[in-house]
>>> print(open('coords-v7.txt').read())   # compact mmCIF, C-alpha atoms and all ligand atoms
# COMPACT_ATOMS: atom_id res chain seq x y z
CA MET A 29 -6.43 -21.71 -27.28
CA GLU A 30 -7.23 -25.07 -28.83
CA LEU A 31 -10.94 -25.76 -28.43
CA LEU A 32 -11.90 -29.33 -27.75
CA THR A 33 -15.62 -28.80 -27.21
CA ASP A 34 -16.68 -31.03 -30.10
CA HIS A 35 -13.68 -33.25 -29.95
CA VAL A 36 -14.56 -36.93 -29.52
CA LEU A 37 -11.95 -38.64 -27.38
CA SER A 38 -10.28 -41.66 -28.91
CA LYS A 39 -9.79 -44.81 -26.85
CA ASP A 40 -6.14 -43.87 -26.29
CA GLU A 41 -7.10 -40.46 -25.01
CA ILE A 42 -9.45 -41.81 -22.37
CA ASP A 43 -7.58 -42.31 -19.17
CA THR A 44 -7.92 -45.93 -18.15
CA ARG A 45 -7.48 -44.90 -14.50
CA GLY A 46 -10.92 -43.32 -14.46
CA SER A 47 -10.34 -39.77 -15.65
CA MET A 48 -13.80 -39.66 -17.27
CA ASP A 49 -15.22 -39.34 -13.76
CA ILE A 50 -15.92 -35.75 -12.86
CA TYR A 51 -13.71 -34.40 -10.09
CA ASP A 52 -15.10 -31.87 -7.68
CA VAL A 53 -11.91 -29.85 -8.14
CA ILE A 54 -8.73 -30.16 -10.18
CA VAL A 55 -5.79 -28.18 -8.79
CA VAL A 56 -3.06 -27.39 -11.32
CA GLY A 57 0.46 -26.96 -9.88
CA ALA A 58 1.84 -28.81 -6.85
CA GLY A 59 3.93 -26.04 -5.32
CA ILE A 60 3.15 -25.02 -1.75
CA GLU A 61 0.02 -23.04 -2.73
CA GLY A 62 -1.53 -25.78 -4.88
CA SER A 63 -0.56 -28.53 -2.44
CA SER A 64 -2.14 -26.70 0.51
CA THR A 65 -5.31 -26.01 -1.54
CA ALA A 66 -5.59 -29.65 -2.62
CA TYR A 67 -5.02 -30.77 0.99
CA GLN A 68 -7.87 -28.54 2.24
CA LEU A 69 -10.22 -29.90 -0.42
CA ALA A 70 -9.40 -33.56 0.20
CA LYS A 71 -9.72 -33.02 3.94
CA GLN A 72 -13.28 -31.79 3.33
CA GLY A 73 -14.01 -34.99 1.39
CA LYS A 74 -13.95 -33.37 -2.07
CA LYS A 75 -12.88 -35.59 -4.97
CA THR A 76 -9.67 -33.76 -5.83
CA LEU A 77 -6.96 -34.22 -8.46
CA LEU A 78 -3.63 -32.38 -8.10
CA LEU A 79 -1.63 -32.15 -11.35
CA GLU A 80 2.08 -31.27 -11.56
CA GLN A 81 4.09 -30.84 -14.77
CA PHE A 82 7.42 -32.08 -13.36
CA PRO A 83 8.22 -35.36 -11.59
CA LEU A 84 8.17 -34.66 -7.83
CA PRO A 85 10.10 -33.52 -5.92
CA HIS A 86 11.59 -30.83 -8.16
CA SER A 87 13.54 -27.59 -7.77
CA ARG A 88 12.31 -25.68 -10.82
CA GLY A 89 9.60 -23.51 -9.27
CA SER A 90 9.33 -21.36 -6.13
CA SER A 91 8.62 -23.75 -3.24
CA HIS A 92 11.76 -25.91 -3.00
CA GLY A 93 14.69 -25.44 -0.64
CA GLN A 94 15.42 -25.80 3.04
CA THR A 95 13.81 -22.80 4.69
CA ARG A 96 11.48 -19.82 4.45
CA ILE A 97 10.97 -16.97 6.89
CA THR A 98 7.69 -16.70 8.76
CA ARG A 99 6.44 -13.87 10.95
CA LYS A 100 3.25 -12.22 12.12
CA ALA A 101 4.24 -8.57 11.60
CA TYR A 102 3.76 -7.35 8.03
CA GLY A 103 4.66 -3.65 8.12
CA GLU A 104 1.49 -1.61 7.60
CA LEU A 105 -0.25 -4.43 5.69
CA GLU A 106 -2.27 -5.67 8.62
CA TYR A 107 -4.61 -7.82 6.53
CA TYR A 108 -1.64 -10.20 6.24
CA THR A 109 -1.07 -10.10 10.02
CA VAL A 110 -4.67 -11.20 10.53
CA MET A 111 -4.15 -14.08 8.07
CA MET A 112 -0.80 -15.01 9.64
CA LYS A 113 -2.43 -15.58 13.03
CA GLU A 114 -4.45 -18.42 11.51
CA ALA A 115 -1.52 -19.57 9.33
CA PHE A 116 0.57 -20.25 12.45
CA SER A 117 -2.12 -22.47 13.88
CA LEU A 118 -2.70 -24.29 10.55
CA TRP A 119 1.05 -25.01 10.28
CA GLU A 120 0.78 -26.61 13.73
CA THR A 121 -2.13 -28.74 12.51
CA LEU A 122 0.01 -29.93 9.58
CA GLU A 123 2.85 -30.77 11.98
CA ARG A 124 0.47 -32.94 14.01
CA GLU A 125 -1.03 -34.64 10.96
CA SER A 126 2.30 -35.32 9.25
CA GLY A 127 4.39 -36.07 12.34
CA ARG A 128 7.07 -33.65 11.03
CA LYS A 129 8.53 -30.59 12.74
CA ILE A 130 8.04 -27.76 10.25
CA PHE A 131 8.35 -24.53 12.28
CA ARG A 132 11.29 -23.40 14.39
CA GLU A 133 10.90 -20.23 16.42
CA THR A 134 13.96 -17.95 16.30
CA GLY A 135 12.43 -14.46 16.49
CA MET A 136 12.55 -12.11 13.53
CA LEU A 137 14.79 -9.04 13.50
CA THR A 138 13.66 -6.06 11.39
CA MET A 139 15.76 -2.93 11.10
CA GLY A 140 15.81 0.34 9.28
CA ALA A 141 17.18 3.87 9.09
CA PRO A 142 15.39 6.57 11.13
CA GLY A 143 11.79 6.89 9.93
CA ASP A 144 12.00 3.76 7.72
CA THR A 145 8.33 3.07 6.95
CA PHE A 146 8.58 -0.73 7.01
CA THR A 147 10.31 -0.83 10.42
CA MET A 148 8.01 1.78 11.96
CA GLY A 149 4.95 0.06 10.45
CA THR A 150 6.16 -3.26 11.86
CA ILE A 151 6.45 -1.79 15.36
CA ARG A 152 2.95 -0.26 15.16
CA CYS A 153 1.52 -3.54 13.84
CA LEU A 154 3.15 -5.57 16.64
CA GLN A 155 1.80 -3.12 19.24
CA ARG A 156 -1.74 -3.02 17.81
CA HIS A 157 -2.01 -6.82 17.60
CA GLY A 158 -0.43 -7.51 20.99
CA ILE A 159 2.33 -9.65 19.45
CA PRO A 160 5.31 -10.07 21.83
CA HIS A 161 8.25 -7.99 20.57
CA GLN A 162 11.27 -5.98 21.66
CA VAL A 163 12.37 -2.64 20.23
CA MET A 164 16.14 -2.09 20.52
CA ASP A 165 18.71 0.61 19.87
CA TYR A 166 22.23 0.00 18.58
CA GLN A 167 23.63 -0.82 22.04
CA GLY A 168 20.85 -3.32 22.71
CA VAL A 169 21.26 -5.05 19.38
CA LYS A 170 25.07 -5.27 19.74
CA GLN A 171 24.60 -6.87 23.14
CA ALA A 172 22.08 -9.41 21.82
CA TYR A 173 23.75 -10.05 18.43
CA PRO A 174 27.43 -9.01 18.50
CA MET A 175 28.02 -10.81 15.18
CA ILE A 176 26.27 -8.13 13.06
CA GLU A 177 27.19 -4.53 12.29
CA PHE A 178 24.62 -1.88 11.29
CA PRO A 179 24.56 1.94 11.58
CA ARG A 180 24.20 3.39 15.09
CA ASN A 181 21.12 5.45 14.24
CA TYR A 182 19.04 2.45 13.04
CA THR A 183 15.89 1.23 14.82
CA PHE A 184 15.74 -2.51 15.51
CA VAL A 185 12.73 -4.64 16.49
CA VAL A 186 12.42 -8.36 17.18
CA ASP A 187 9.03 -9.97 16.44
CA LYS A 188 9.23 -12.87 18.89
CA SER A 189 6.78 -14.97 16.85
CA GLY A 190 9.09 -15.10 13.82
CA GLY A 191 11.10 -18.10 12.71
CA ILE A 192 11.88 -20.65 10.06
CA LEU A 193 9.56 -22.92 8.10
CA ARG A 194 11.28 -26.03 6.79
CA ALA A 195 10.12 -25.62 3.21
CA ASP A 196 10.82 -29.05 1.70
CA LYS A 197 9.28 -30.77 4.73
CA ALA A 198 6.20 -28.53 4.57
CA LEU A 199 5.67 -29.30 0.88
CA ILE A 200 6.01 -33.07 1.20
CA SER A 201 3.79 -33.01 4.30
CA TYR A 202 0.96 -31.31 2.41
CA GLN A 203 1.29 -33.72 -0.53
CA GLU A 204 1.42 -36.85 1.64
CA THR A 205 -1.44 -35.76 3.87
CA PHE A 206 -3.50 -34.83 0.79
CA ARG A 207 -3.08 -38.39 -0.47
CA ARG A 208 -3.91 -39.80 2.94
CA PHE A 209 -7.21 -37.87 2.85
CA GLY A 210 -8.02 -39.60 -0.47
CA GLY A 211 -6.63 -37.02 -2.93
CA GLU A 212 -5.08 -38.09 -6.24
CA LEU A 213 -1.70 -36.59 -7.19
CA ARG A 214 -0.33 -37.05 -10.70
CA ASP A 215 3.11 -35.63 -11.43
CA GLY A 216 5.05 -35.47 -14.70
CA GLU A 217 1.81 -34.39 -16.37
CA LYS A 218 1.70 -30.90 -17.84
CA VAL A 219 -1.62 -29.12 -18.30
CA LEU A 220 -1.78 -27.89 -21.90
CA ASP A 221 -5.32 -26.54 -22.19
CA ILE A 222 -8.24 -25.66 -20.01
CA ILE A 223 -11.65 -25.54 -21.65
CA PRO A 224 -14.10 -23.45 -19.60
CA GLY A 225 -17.72 -24.48 -19.10
CA ASP A 226 -20.11 -25.64 -16.38
CA THR A 227 -17.85 -28.64 -16.33
CA VAL A 228 -14.25 -27.57 -16.95
CA ARG A 229 -12.16 -29.79 -19.21
CA VAL A 230 -8.44 -30.11 -18.62
CA ARG A 231 -6.10 -31.52 -21.27
CA THR A 232 -2.66 -32.63 -20.11
CA SER A 233 0.33 -34.08 -21.91
CA SER A 234 -1.21 -37.55 -21.45
CA HIS A 235 -4.88 -37.38 -20.43
CA HIS A 236 -8.17 -35.50 -20.42
CA TYR A 237 -10.03 -34.72 -17.21
CA ARG A 238 -13.23 -32.97 -16.15
CA ALA A 239 -14.11 -31.09 -12.98
CA HIS A 240 -16.76 -28.81 -11.54
CA SER A 241 -14.00 -26.29 -10.65
CA VAL A 242 -10.34 -25.80 -11.43
CA VAL A 243 -7.79 -23.98 -9.27
CA LEU A 244 -4.71 -22.65 -11.06
CA THR A 245 -1.67 -22.32 -8.78
CA VAL A 246 1.04 -22.54 -11.40
CA GLY A 247 3.59 -20.09 -9.95
CA ALA A 248 5.78 -18.45 -12.61
CA TRP A 249 3.92 -20.34 -15.35
CA ALA A 250 0.85 -18.15 -14.73
CA THR A 251 2.46 -15.88 -17.35
CA LYS A 252 2.08 -18.73 -19.86
CA LEU A 253 -1.14 -20.52 -18.87
CA LEU A 254 -3.44 -17.56 -18.06
CA PRO A 255 -3.15 -15.92 -21.52
CA LYS A 256 -4.62 -19.17 -22.92
CA LEU A 257 -7.67 -18.27 -20.82
CA GLN A 258 -7.75 -14.71 -22.20
CA LEU A 259 -6.19 -13.26 -19.07
CA THR A 260 -2.87 -11.41 -19.01
CA LEU A 261 -1.93 -10.04 -15.60
CA PRO A 262 0.92 -7.63 -14.78
CA LEU A 263 3.30 -10.31 -13.45
CA LYS A 264 7.10 -10.38 -13.63
CA VAL A 265 9.10 -13.57 -13.19
CA LEU A 266 12.42 -12.96 -11.44
CA ARG A 267 15.27 -15.37 -10.90
CA ILE A 268 16.38 -15.15 -7.26
CA ASN A 269 19.74 -16.27 -5.93
CA VAL A 270 19.86 -18.00 -2.56
CA LEU A 271 23.42 -17.69 -1.30
CA TYR A 272 24.93 -19.69 1.55
CA TRP A 273 27.93 -18.26 3.39
CA ARG A 274 30.28 -20.26 5.61
CA GLU A 275 30.91 -18.93 9.12
CA ARG A 276 34.51 -18.07 10.02
CA VAL A 277 33.79 -19.53 13.49
CA PRO A 278 31.24 -22.37 13.30
CA GLY A 279 27.97 -21.81 15.21
CA GLY A 280 28.16 -18.00 15.43
CA TYR A 281 24.98 -17.52 13.42
CA GLY A 282 23.20 -20.73 14.53
CA ALA A 283 19.41 -20.68 14.88
CA ASP A 284 19.72 -20.78 18.69
CA ARG A 285 21.80 -17.56 18.67
CA PHE A 286 20.61 -15.48 15.75
CA PRO A 287 17.06 -14.68 14.54
CA VAL A 288 15.71 -14.58 11.01
CA PHE A 289 16.31 -11.18 9.62
CA LEU A 290 14.76 -8.65 7.25
CA GLN A 291 16.07 -5.34 6.00
CA GLU A 292 15.43 -4.54 2.34
CA ASN A 293 16.91 -8.01 1.83
CA ALA A 294 15.54 -11.29 3.17
CA VAL A 295 18.01 -13.29 5.19
CA ASP A 296 17.66 -16.40 7.27
CA ASN A 297 20.04 -18.39 9.39
CA TYR A 298 21.37 -20.50 6.57
CA ALA A 299 20.83 -18.44 3.46
CA ILE A 300 20.77 -14.83 2.38
CA CYS A 301 18.96 -13.51 -0.65
CA LEU A 302 18.40 -10.16 -2.28
CA HIS A 303 14.66 -9.58 -2.76
CA TRP A 304 15.16 -8.95 -6.50
CA GLY A 305 16.86 -10.46 -9.55
CA PRO A 306 16.86 -10.56 -13.36
CA GLU A 307 13.52 -10.95 -15.15
CA VAL A 308 13.35 -14.40 -16.81
CA ASP A 309 11.26 -16.88 -18.77
CA PRO A 310 10.44 -19.73 -16.32
CA ASP A 311 11.36 -22.31 -18.98
CA SER A 312 14.85 -20.88 -19.58
CA ARG A 313 15.68 -19.07 -16.38
CA ASP A 314 19.33 -20.14 -16.21
CA LYS A 315 20.18 -18.09 -19.29
CA ALA A 316 19.99 -14.87 -17.25
CA ASP A 317 23.13 -13.03 -16.12
CA ASP A 318 22.85 -12.37 -12.40
CA SER A 319 26.50 -11.77 -11.48
CA TRP A 320 25.44 -8.26 -10.33
CA VAL A 321 23.23 -9.84 -7.64
CA ILE A 322 26.11 -11.88 -6.24
CA ASP A 323 28.45 -8.85 -6.27
CA LYS A 324 25.86 -6.77 -4.45
CA MET A 325 25.34 -9.47 -1.82
CA LYS A 326 29.11 -9.88 -1.30
CA ARG A 327 29.39 -6.18 -0.48
CA TYR A 328 26.38 -6.43 1.86
CA ILE A 329 27.87 -9.39 3.74
CA ALA A 330 31.30 -7.78 4.09
CA ARG A 331 29.71 -4.67 5.60
CA HIS A 332 27.14 -6.19 7.95
CA PHE A 333 28.18 -9.80 8.71
CA PRO A 334 31.92 -9.58 9.42
CA GLU A 335 32.09 -13.10 10.86
CA LEU A 336 31.05 -14.74 7.57
CA GLU A 337 33.51 -15.65 4.82
CA ALA A 338 33.64 -13.16 1.94
CA GLU A 339 32.55 -15.53 -0.85
CA PRO A 340 29.29 -17.53 -0.89
CA ALA A 341 29.92 -21.26 -0.43
CA ILE A 342 26.77 -22.41 -2.27
CA ALA A 343 24.45 -20.65 -4.70
CA GLU A 344 20.96 -21.95 -5.49
CA THR A 345 18.17 -20.38 -7.50
CA CYS A 346 14.44 -20.02 -7.19
CA MET A 347 11.77 -17.85 -8.88
CA TYR A 348 9.56 -15.02 -7.68
CA THR A 349 6.36 -14.18 -9.53
CA TRP A 350 6.04 -10.50 -8.82
CA SER A 351 2.65 -8.82 -8.99
CA GLU A 352 2.76 -5.13 -9.72
CA ASP A 353 1.69 -4.08 -6.20
CA GLU A 354 3.30 -7.12 -4.47
CA ASP A 355 -0.10 -8.27 -3.17
CA LEU A 356 -1.29 -11.80 -3.87
CA ILE A 357 -3.85 -12.57 -6.57
CA LEU A 358 -6.59 -14.82 -5.17
CA ASP A 359 -9.72 -14.58 -7.25
CA HIS A 360 -12.20 -16.15 -9.64
CA HIS A 361 -11.42 -15.80 -13.35
CA PRO A 362 -13.28 -12.64 -14.52
CA SER A 363 -15.28 -14.63 -17.13
CA TRP A 364 -15.53 -18.11 -15.60
CA ARG A 365 -16.35 -18.29 -11.89
CA ASN A 366 -15.44 -21.94 -11.55
CA ILE A 367 -11.83 -21.23 -12.59
CA ILE A 368 -9.97 -19.89 -9.57
CA ILE A 369 -6.55 -18.28 -9.65
CA GLY A 370 -3.83 -18.14 -6.99
CA ALA A 371 -0.85 -16.21 -8.38
CA GLY A 372 1.62 -13.34 -7.91
CA PHE A 373 2.92 -14.45 -4.51
CA SER A 374 5.71 -11.86 -4.89
CA GLY A 375 8.34 -13.56 -2.75
CA HIS A 376 6.25 -13.74 0.43
CA GLY A 377 3.66 -16.46 -0.15
CA PHE A 378 5.16 -19.48 1.61
CA LYS A 379 4.26 -18.53 5.18
CA LEU A 380 0.69 -17.72 4.06
CA ALA A 381 0.17 -21.01 2.20
CA PRO A 382 -2.14 -22.67 4.77
CA VAL A 383 -4.55 -19.71 4.64
CA VAL A 384 -4.19 -19.34 0.86
CA GLY A 385 -5.14 -23.02 0.54
CA LYS A 386 -8.12 -22.49 2.81
CA VAL A 387 -9.55 -19.53 0.86
CA LEU A 388 -8.86 -21.00 -2.60
CA ALA A 389 -10.64 -24.19 -1.48
CA GLU A 390 -13.57 -22.07 -0.25
CA MET A 391 -13.79 -20.27 -3.61
CA ALA A 392 -13.61 -23.56 -5.51
CA THR A 393 -16.54 -24.96 -3.54
CA ASN A 394 -18.74 -21.84 -3.67
CA LYS A 395 -18.28 -20.92 -0.03
CA ALA A 396 -17.77 -17.36 1.14
CA PRO A 397 -14.04 -16.79 1.76
CA SER A 398 -13.04 -16.51 5.42
CA TYR A 399 -11.19 -13.21 4.77
CA ASP A 400 -11.86 -9.92 3.04
CA MET A 401 -10.57 -10.61 -0.47
CA THR A 402 -10.53 -6.95 -1.62
CA PRO A 403 -6.70 -6.57 -1.70
CA PHE A 404 -6.35 -9.76 -3.76
CA LYS A 405 -8.88 -9.15 -6.55
CA ILE A 406 -7.94 -9.21 -10.24
CA GLN A 407 -10.06 -6.11 -10.89
CA ARG A 408 -7.38 -3.94 -9.26
CA PHE A 409 -5.36 -4.41 -12.47
CA ARG A 410 -8.23 -3.45 -14.82
CA HIS A 411 -6.23 -0.50 -16.23
CA ASN A 412 -3.09 -2.47 -17.08
CA ALA A 413 -4.17 -6.07 -17.68
CA LYS A 414 -6.05 -7.93 -20.40
CA LEU A 415 -9.13 -9.22 -18.59
C1 LIG A 501 14.54 -17.57 -2.87
C2 LIG A 501 13.16 -17.42 -2.33
C3 LIG A 501 12.98 -17.07 -1.01
C4 LIG A 501 11.70 -16.93 -0.50
N1 LIG A 501 11.55 -16.62 0.81
C5 LIG A 501 10.32 -16.57 1.34
C6 LIG A 501 10.18 -16.37 2.73
O1 LIG A 501 11.17 -16.25 3.46
N2 LIG A 501 8.92 -16.36 3.25
C7 LIG A 501 7.80 -16.52 2.46
O2 LIG A 501 6.69 -16.49 2.99
N3 LIG A 501 7.92 -16.71 1.13
C8 LIG A 501 9.14 -16.75 0.56
N4 LIG A 501 9.30 -16.97 -0.78
C9 LIG A 501 8.11 -17.05 -1.64
C10 LIG A 501 7.45 -18.41 -1.65
O3 LIG A 501 8.41 -19.43 -1.65
C11 LIG A 501 6.54 -18.46 -2.88
O4 LIG A 501 5.61 -17.39 -2.79
C12 LIG A 501 5.77 -19.77 -2.98
O5 LIG A 501 6.66 -20.86 -2.92
C13 LIG A 501 4.99 -19.79 -4.30
O6 LIG A 501 4.44 -21.07 -4.45
P1 LIG A 501 3.58 -21.47 -5.72
O7 LIG A 501 2.91 -22.74 -5.35
O8 LIG A 501 2.76 -20.31 -6.16
O9 LIG A 501 4.65 -21.67 -6.90
P2 LIG A 501 5.54 -22.94 -7.29
O10 LIG A 501 6.20 -23.50 -6.12
O11 LIG A 501 6.40 -22.55 -8.44
O12 LIG A 501 4.46 -24.00 -7.76
C14 LIG A 501 3.82 -23.93 -9.01
C15 LIG A 501 3.82 -25.33 -9.57
O13 LIG A 501 3.00 -25.37 -10.72
C16 LIG A 501 3.58 -26.27 -11.64
N5 LIG A 501 3.05 -25.98 -12.97
C17 LIG A 501 3.23 -24.84 -13.67
N6 LIG A 501 2.60 -24.92 -14.86
C18 LIG A 501 2.00 -26.14 -14.91
C19 LIG A 501 1.21 -26.81 -15.89
N7 LIG A 501 0.92 -26.24 -17.05
N8 LIG A 501 0.78 -28.06 -15.61
C20 LIG A 501 1.07 -28.66 -14.41
N9 LIG A 501 1.83 -28.06 -13.46
C21 LIG A 501 2.28 -26.82 -13.70
C22 LIG A 501 5.07 -25.95 -11.51
O14 LIG A 501 5.88 -26.96 -12.04
C23 LIG A 501 5.21 -25.78 -10.01
O15 LIG A 501 5.53 -26.99 -9.37
C24 LIG A 501 10.57 -17.12 -1.33
C25 LIG A 501 10.74 -17.48 -2.67
C26 LIG A 501 12.02 -17.63 -3.17
C27 LIG A 501 12.18 -17.99 -4.61
>>> encode(input="coords-v7.txt", output="structure tokens", more="lines below")
Ligand SMILES: Cc1cc2nc3c(=O)[nH]c(=O)nc-3n(C[C@H](O)[C@H](O)[C@H](O)COP(=O)(O)OP(=O)(O)OC[C@H]3O[C@@H](n4cnc5c(N)ncnc54)[C@H](O)[C@@H]3O)c2cc1C
Amino acid sequence: MELLTDHVLSKDEIDTRGSMDIYDVIVVGAGIEGSSTAYQLAKQGKKTLLLEQFPLPHSRGSSHGQTRITRKAYGELEYYTVMMKEAFSLWETLERESGRKIFRETGMLTMGAPGDTFTMGTIRCLQRHGIPHQVMDYQGVKQAYPMIEFPRNYTFVVDKSGGILRADKALISYQETFRRFGGELRDGEKVLDIIPGDTVRVRTSSHHYRAHSVVLTVGAWATKLLPKLQLTLPLKVLRINVLYWRERVPGGYGADRFPVFLQENAVDNYAICLHWGPEVDPDSRDKADDSWVIDKMKRYIARHFPELEAEPAIAETCMYTWSEDEDLILDHHPSWRNIIIGAGFSGHGFKLAPVVGKVLAEMATNKAPSYDMTPFKIQRFRHNAKL
């Protein structure tokens, strides 16, 4: 890491727009997690700067695209169910503040072979938390959704709270509302170095800044930025294909007739994606060969969605940053408490973003987090990470 501690800034280096002021918090990365964190901070009146390396909007990270699935049931991982209850209400708050419709309820269908732990865990979770749901057998599911075909011995359950989040609208809503609350957003400005201290210094491609705390929500680039802060976490960056199939008969799988859907693969009304892909470098992700993913998905569609055309009509890509145990990483840096990290969202972080933003903002302002942070601590990787 380049140390700038004794570096005297030249006139050119001093940001004429006032960067020598000390921010309460600088948030690095304006994906959904950083944007929701910055929004929470600005809403509380904190002097907040949100920095993004690419000109906005962009489609190079993990938060772009039309839709994401949301749901309350989380298999056996009930700490997420508890967080999702608040996330639903915070999404509603954002809808009111932005004037945009972000959530659409469709129900969420989960299915699995007899004894499938995720499906059975989902049913138990829905029962324990009193979330409206319906367990169905093959006959029931064929009656409700004749356009799909799955084995007769499967168990099916619909979490009635599930639905679609309009991802692009959610992201722009957080960024606009953040600005409306007085936050400063600078895009096209890449953070190159972070110099720890009581006051943290941040060097970007064009300016220097200072803040009492810094929150790093840099998505796949955590694999590049954190090692500069002597922290290497067990994260894998995967390139994920989002495939759109045309219906043979228009409207058959419309959001008013068919719920969002989860088996081992995540599927929503407009797009279907396999929850895995080739491991990539975030700065050269399109070099990867992922024809095997598309072949696998074509076979899946032919078997289970007979009323869709056999070939995908549109293919888009996105990135997952996979933590080893698929749990989020929400913690203080092990050496510097005023550097806070939100990473490893493992393909399920969008729906949680309002609560992630809330707890990262709490950590950045020395408040006790509203939730038990044990599952999200960096220390869980102490045997296989450089801390
Ligand atoms: C295909 C796909 C489907 C998904 N489906 C779902 C779903 O159905 N439900 C769900 O809940 N979740 C889902 N997810 C996961 C969810 O979208 C992600 O967990 C979430 O978007 C992660 O957001 P992020 O802010 O961490 O990352 P990003 O959106 O990548 O944001 C990080 C930002 O940091 C910026 N940055 C990086 N380095 C720097 C730097 N040095 N300086 C300045 N800026 C920097 C990047 O440019 C980027 O804009 C899905 C993800 C994908 C890819």
>>> closest_residue(input="coords-v7.txt", among="A:Tyr173, A:Tyr348, A:Tyr182, A:Tyr399", to="ligand LIG 501 (chain A)", atoms="only C-alpha atoms and all ligand atoms")
A:Tyr348
>>> closest_residue(input="coords-v7.txt", among="A:Lys264, A:Arg99, A:Arg231, A:His360", to="Val387 (chain A)", atoms="all atoms listed in the file")
A:His360
>>> closest_residue(input="coords-v7.txt", among="A:Val55, A:Ile406, A:Ala392, A:Leu336", to="Ile357 (chain A)", atoms="all atoms listed in the file")
A:Ile406
>>> atom_distance(input="coords-v7.txt", atom1="CA of Thr251 (chain A)", atom2="atom C10 of ligand LIG 501 (chain A)")
16.7 Å
>>> axis_aligned_box(input="coords-v7.txt", around="ligand LIG 501 (chain A)", padding_each_side="6 Å", output="AutoDock Vina command-line options")
--center_x 7.7 --center_y -22.5 --center_z -6.8 --size_x 25.8 --size_y 24.4 --size_z 32.5
>>> residues_around(input="coords-v7.txt", residues="Val56 (chain A)", least_positions_apart="2", cutoff="9 Å", atoms="only C-alpha atoms", output="compact mmCIF listing (two decimals) with C-alpha atoms, in the frame of the given file")
# COMPACT_ATOMS: atom_id res chain seq x y z
CA ILE A 54 -8.73 -30.16 -10.18
CA ALA A 58 1.84 -28.81 -6.85
CA GLY A 62 -1.53 -25.78 -4.88
CA LEU A 77 -6.96 -34.22 -8.46
CA LEU A 78 -3.63 -32.38 -8.10
CA LEU A 79 -1.63 -32.15 -11.35
CA GLU A 80 2.08 -31.27 -11.56
CA GLN A 81 4.09 -30.84 -14.77
CA LYS A 218 1.70 -30.90 -17.84
CA VAL A 219 -1.62 -29.12 -18.30
CA VAL A 242 -10.34 -25.80 -11.43
CA VAL A 243 -7.79 -23.98 -9.27
CA LEU A 244 -4.71 -22.65 -11.06
CA THR A 245 -1.67 -22.32 -8.78
CA VAL A 246 1.04 -22.54 -11.40
>>> closest_residue(input="coords-v7.txt", among="A:His411, A:Lys405, A:Lys188, A:Arg267", to="ligand LIG 501 (chain A)", atoms="only C-alpha atoms and all ligand atoms")
A:Arg267
>>> residues_around(input="coords-v7.txt", residues="His376 (chain A)", least_positions_apart="6", cutoff="12 Å", atoms="all atoms listed in the file", output="VMD selection string")
chain A and resid 60 to 61 90 to 91 96 to 99 102 108 112 294 303 347 to 351 354 to 356 384
>>> closest_residue(input="coords-v7.txt", among="A:Val228, A:Ala283, A:Leu84, A:Leu263", to="ligand LIG 501 (chain A)", atoms="only C-alpha atoms and all ligand atoms")
A:Leu84
>>> closest_residue(input="coords-v7.txt", among="A:Pro310, A:Gly149, A:Gly282, A:Pro287", to="ligand LIG 501 (chain A)", atoms="only C-alpha atoms and all ligand atoms")
A:Pro310
>>> residues_around(input="coords-v7.txt", residues="Phe116 (chain A)", least_positions_apart="4", cutoff="10 Å", atoms="only C-alpha atoms", output="PyMOL selection string")
chain A and resi 98-100+111-112+120-121+131+189+379-380+382-383
>>> residues_around(input="coords-v7.txt", residues="region 175-177 of chain A", least_positions_apart="2", cutoff="7 Å", atoms="all atoms listed in the file", output="MDAnalysis selection string")
chainID A and resid 173 332:335
>>> build_atoms(input="coords-v7.txt", residues="region 249-254 of chain A", atoms="N, CA, C and O atoms", output="compact mmCIF listing (two decimals), in the frame of the given file")
# COMPACT_ATOMS: atom_id res chain seq x y z
N TRP A 249 4.54 -19.95 -14.08
CA TRP A 249 3.92 -20.34 -15.35
C TRP A 249 2.54 -19.71 -15.52
O TRP A 249 1.90 -19.90 -16.55
N ALA A 250 2.10 -18.91 -14.55
CA ALA A 250 0.85 -18.15 -14.73
C ALA A 250 1.00 -17.23 -15.94
O ALA A 250 0.03 -16.95 -16.65
N THR A 251 2.23 -16.78 -16.20
CA THR A 251 2.46 -15.88 -17.35
C THR A 251 2.25 -16.62 -18.67
O THR A 251 2.12 -16.00 -19.71
N LYS A 252 2.24 -17.95 -18.63
CA LYS A 252 2.08 -18.73 -19.86
C LYS A 252 0.68 -19.34 -19.96
O LYS A 252 0.12 -19.42 -21.04
N LEU A 253 0.14 -19.81 -18.82
CA LEU A 253 -1.14 -20.52 -18.87
C LEU A 253 -2.34 -19.56 -18.90
O LEU A 253 -3.31 -19.80 -19.62
N LEU A 254 -2.27 -18.46 -18.14
CA LEU A 254 -3.44 -17.56 -18.06
C LEU A 254 -3.77 -16.91 -19.41
O LEU A 254 -4.96 -16.77 -19.74
